[in-house]
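Chemist: My structure is below; once you've seen it, I'll send some questions.
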Amino acid sequence: GAGVSQSPRYKVAKRGQDVALRCDPISGHVSLFWYQQALGQGPEFLTYFQNEAQLDKSGLPSDRFFAERPEGSVSTLKIQRTQQEDSAVYLCASSNRRNTGELFFGEGSRLTVL
Amino acid sequence: GESVGLHLPTLSVQEGDNSIINCAYSNSASDYFIWYKQESGKGPQFIIDIRSNMDKRQGQRVTVLLNKTVKHLSLQIAATQPGDSAVYFCAETYFGNEKLTFGTGTRLTIIP
């Protein structure tokens, strides 16, 4: 497809497990973003990549969260030792321009931590 | 801290009527504002944007108004359709900052 693809769409993890969420951005988009959306809330910024460089990770809530984009295309958001408060939808977005608010979002990965 | 917020969490509008969704922002450094639409189970979808050197911008059936004096923006949707039912978010940022700060959202319901 031509859009941003995220997998898995749904993930249930037991507290303490590690999870990995994958994002396939739109081909050719150099900017990639991860946002976290709690139920009933707006998305909150986690981290941003320009190609393979992680230029801003100020939104990552703790050192249990780690994101990478080693070849400048696919990105993975990893959460170690998951906690119940990590339960949320994790949205990936990409863009082909800088300084633009026109982001193309995927459908998200819904993480539920039991 | 500074934040983007909305006056009304829910809004119900008769099909065919116009709707207005409001948003207040408090970060005086913000100079770029964006509206997104999010349908259930989907990611946010870009609707329209406006920079601070403008007061008004029109798209297809949508208009965004920006009042910098009172730090307020609104999204007007003309002749609403059932497909307009969704949660609408305003977001803000400033030049050089790639991070968007989203508000909490307004749920718009179109009544047939």
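So you can find residues: chains in the structure tokens are A, B, ... in the order shown, residues in each start at 1, and ligands are numbered from 1 in order.
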For chain A, which residues have at least one atom within 12 Å of chain B, if we go by only C-alpha atoms? Write them as a ChimeraX atom specification, please.
Modeler: /A:3-6,9-10,31-50,55-59,89-95,97-110
Chemist: Which residues are near Val70 in chain B? Cut-off 10 Å, only C-alpha atoms, ignore same chain within fewer than 6 positions. Put them as an MDAnalysis selection string.
Modeler: chainID B and resid 24:26
Chemist: When DSSP works through the backbone of this structure, what residues of chain A end up as strand (DSSP E or B), shown as an NGL selection string?
Modeler: :A and (5-7 or 10-13 or 19-24 or 31-37 or 44-50 or 53-56 or 65-68 or 75-79 or 88-95 or 104-105 or 109-113)
Chemist: Find the distance between CA of Pro70 in chain A and CA of Gln84 in chain A and write it in Å to one decimal.
Modeler: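 Taking CA of Pro70 in chain A as the start and CA of Gln84 in chain A as the end point, the length is 28.6 Å.
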Chemist: Mind checking which residues fall within 10 Å of Asn67 in chain B, counting only C-alpha atoms, ignoring those fewer than 6 positions away in the same chain, and posting them as a VMD selection string?
Modeler: chain B and resid 24 52 54 to 56 73 to 74
Chemist: What does the file look like for those residues with C-alpha atoms, as a short mmCIF file (atom, residue, chain, number, x, y, z; two decimals), in the first residue's frame?
Modeler:
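This is the output file selection16.cif:
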data_model
loop_
_atom_site.label_atom_id
_atom_site.label_comp_id
_atom_site.auth_asym_id
_atom_site.auth_seq_id
_atom_site.Cartn_x
_atom_site.Cartn_y
_atom_site.Cartn_z
CA ALA B 24 -7.15 27.64 22.57
CA SER B 52 0.80 32.92 12.08
CA MET B 54 -2.36 34.56 8.18
CA ASP B 55 -5.74 35.02 9.85
CA LYS B 56 -7.77 32.74 7.65
CA LEU B 73 -8.12 29.08 16.42
CA SER B 74 -11.19 27.47 14.99
#
Chemist: For Leu77 in chain A, which of A:Ala20, A:Ala2, A:Leu114, A:Ala13 is the closest residue, counting only C-alpha atoms?
Modeler: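 That would be A:Ala20, the residue with the smallest distance to Leu77 in chain A.
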Chemist: Give me, as a list in words, all polymer residues having an atom no more than 9 Å from Ser19 in chain B, counting only C-alpha atoms and skipping those fewer than 5 positions away in the same chain.
Modeler: Leu11, Ser12, Val13, Gln14, Leu75, Gln76, Ile77, Ala78, Ala79, Thr80 and Leu108 of chain B
Chemist: Could those residues be written to a file, using all heavy atoms, as a compact mmCIF listing (two decimals), in the first residue's frame?
Modeler:
# COMPACT_ATOMS: atom_id res chain seq x y z
N LEU B 11 -19.47 17.74 20.30
CA LEU B 11 -20.28 18.62 19.50
C LEU B 11 -21.17 17.79 18.59
O LEU B 11 -20.67 16.92 17.89
CB LEU B 11 -19.39 19.55 18.67
CG LEU B 11 -20.07 20.54 17.72
CD1 LEU B 11 -20.88 21.55 18.54
CD2 LEU B 11 -19.04 21.26 16.87
N SER B 12 -22.47 18.04 18.65
CA SER B 12 -23.41 17.35 17.76
C SER B 12 -24.03 18.36 16.81
O SER B 12 -24.49 19.41 17.24
CB SER B 12 -24.51 16.66 18.58
OG SER B 12 -23.97 15.65 19.40
N VAL B 13 -24.02 18.01 15.54
CA VAL B 13 -24.49 18.94 14.50
C VAL B 13 -25.41 18.19 13.55
O VAL B 13 -25.13 17.04 13.19
CB VAL B 13 -23.28 19.53 13.74
CG1 VAL B 13 -23.74 20.39 12.58
CG2 VAL B 13 -22.39 20.32 14.67
N GLN B 14 -26.48 18.85 13.14
CA GLN B 14 -27.39 18.26 12.16
C GLN B 14 -26.70 18.18 10.80
O GLN B 14 -25.98 19.12 10.39
CB GLN B 14 -28.64 19.13 12.05
CG GLN B 14 -29.87 18.42 11.54
CD GLN B 14 -30.50 17.50 12.58
OE1 GLN B 14 -30.46 17.78 13.77
NE2 GLN B 14 -31.08 16.41 12.12
N LEU B 75 -11.93 25.72 13.57
CA LEU B 75 -12.11 24.97 12.33
C LEU B 75 -13.59 24.99 11.99
O LEU B 75 -14.42 24.56 12.80
CB LEU B 75 -11.64 23.52 12.50
CG LEU B 75 -11.84 22.62 11.26
CD1 LEU B 75 -10.88 23.03 10.15
CD2 LEU B 75 -11.65 21.15 11.63
N GLN B 76 -13.90 25.52 10.85
CA GLN B 76 -15.28 25.56 10.40
C GLN B 76 -15.45 24.53 9.29
O GLN B 76 -14.66 24.49 8.35
CB GLN B 76 -15.64 26.96 9.89
CG GLN B 76 -15.48 28.03 10.94
CD GLN B 76 -15.79 29.41 10.40
OE1 GLN B 76 -16.10 29.60 9.23
NE2 GLN B 76 -15.71 30.42 11.27
N ILE B 77 -16.47 23.71 9.43
CA ILE B 77 -16.79 22.71 8.41
C ILE B 77 -18.16 23.06 7.85
O ILE B 77 -19.15 23.13 8.61
CB ILE B 77 -16.81 21.29 8.99
CG1 ILE B 77 -15.47 20.97 9.69
CG2 ILE B 77 -17.07 20.26 7.88
CD1 ILE B 77 -15.45 19.63 10.41
N ALA B 78 -18.22 23.28 6.57
CA ALA B 78 -19.48 23.67 5.93
C ALA B 78 -20.25 22.44 5.46
O ALA B 78 -19.67 21.43 5.07
CB ALA B 78 -19.18 24.58 4.74
N ALA B 79 -21.58 22.55 5.54
CA ALA B 79 -22.47 21.50 5.02
C ALA B 79 -22.01 20.12 5.47
O ALA B 79 -21.64 19.27 4.64
CB ALA B 79 -22.53 21.60 3.49
N THR B 80 -22.04 19.92 6.77
CA THR B 80 -21.48 18.68 7.33
C THR B 80 -22.17 17.44 6.78
O THR B 80 -23.37 17.44 6.47
CB THR B 80 -21.61 18.67 8.86
OG1 THR B 80 -22.95 18.95 9.24
CG2 THR B 80 -20.68 19.69 9.48
N LEU B 108 -16.90 15.23 17.14
CA LEU B 108 -17.98 15.78 16.34
C LEU B 108 -18.88 14.64 15.88
O LEU B 108 -18.40 13.67 15.28
CB LEU B 108 -17.42 16.52 15.12
CG LEU B 108 -18.45 17.07 14.13
CD1 LEU B 108 -19.30 18.16 14.78
CD2 LEU B 108 -17.76 17.61 12.88
Chemist: Do a neighbour search on Glu68 in chain A at 10 Å with only C-alpha atoms, toss out local chain neighbours closer than 4 positions, and write the hits as a VMD selection string.
Modeler: chain A and resid 22 47 to 49 52 to 54 72 to 78
Chemist: Measure the distance from CA of Thr82 in chain A to CA of Ser7 in chain A in Å and round it to one decimal.
Modeler: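 We find that CA of Thr82 in chain A and CA of Ser7 in chain A lie 17.5 Å from each other.
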Chemist: Separation of CA of Thr63 in chain B and CA of Pro9 in chain B, in Å?
Modeler: 19.8 Å
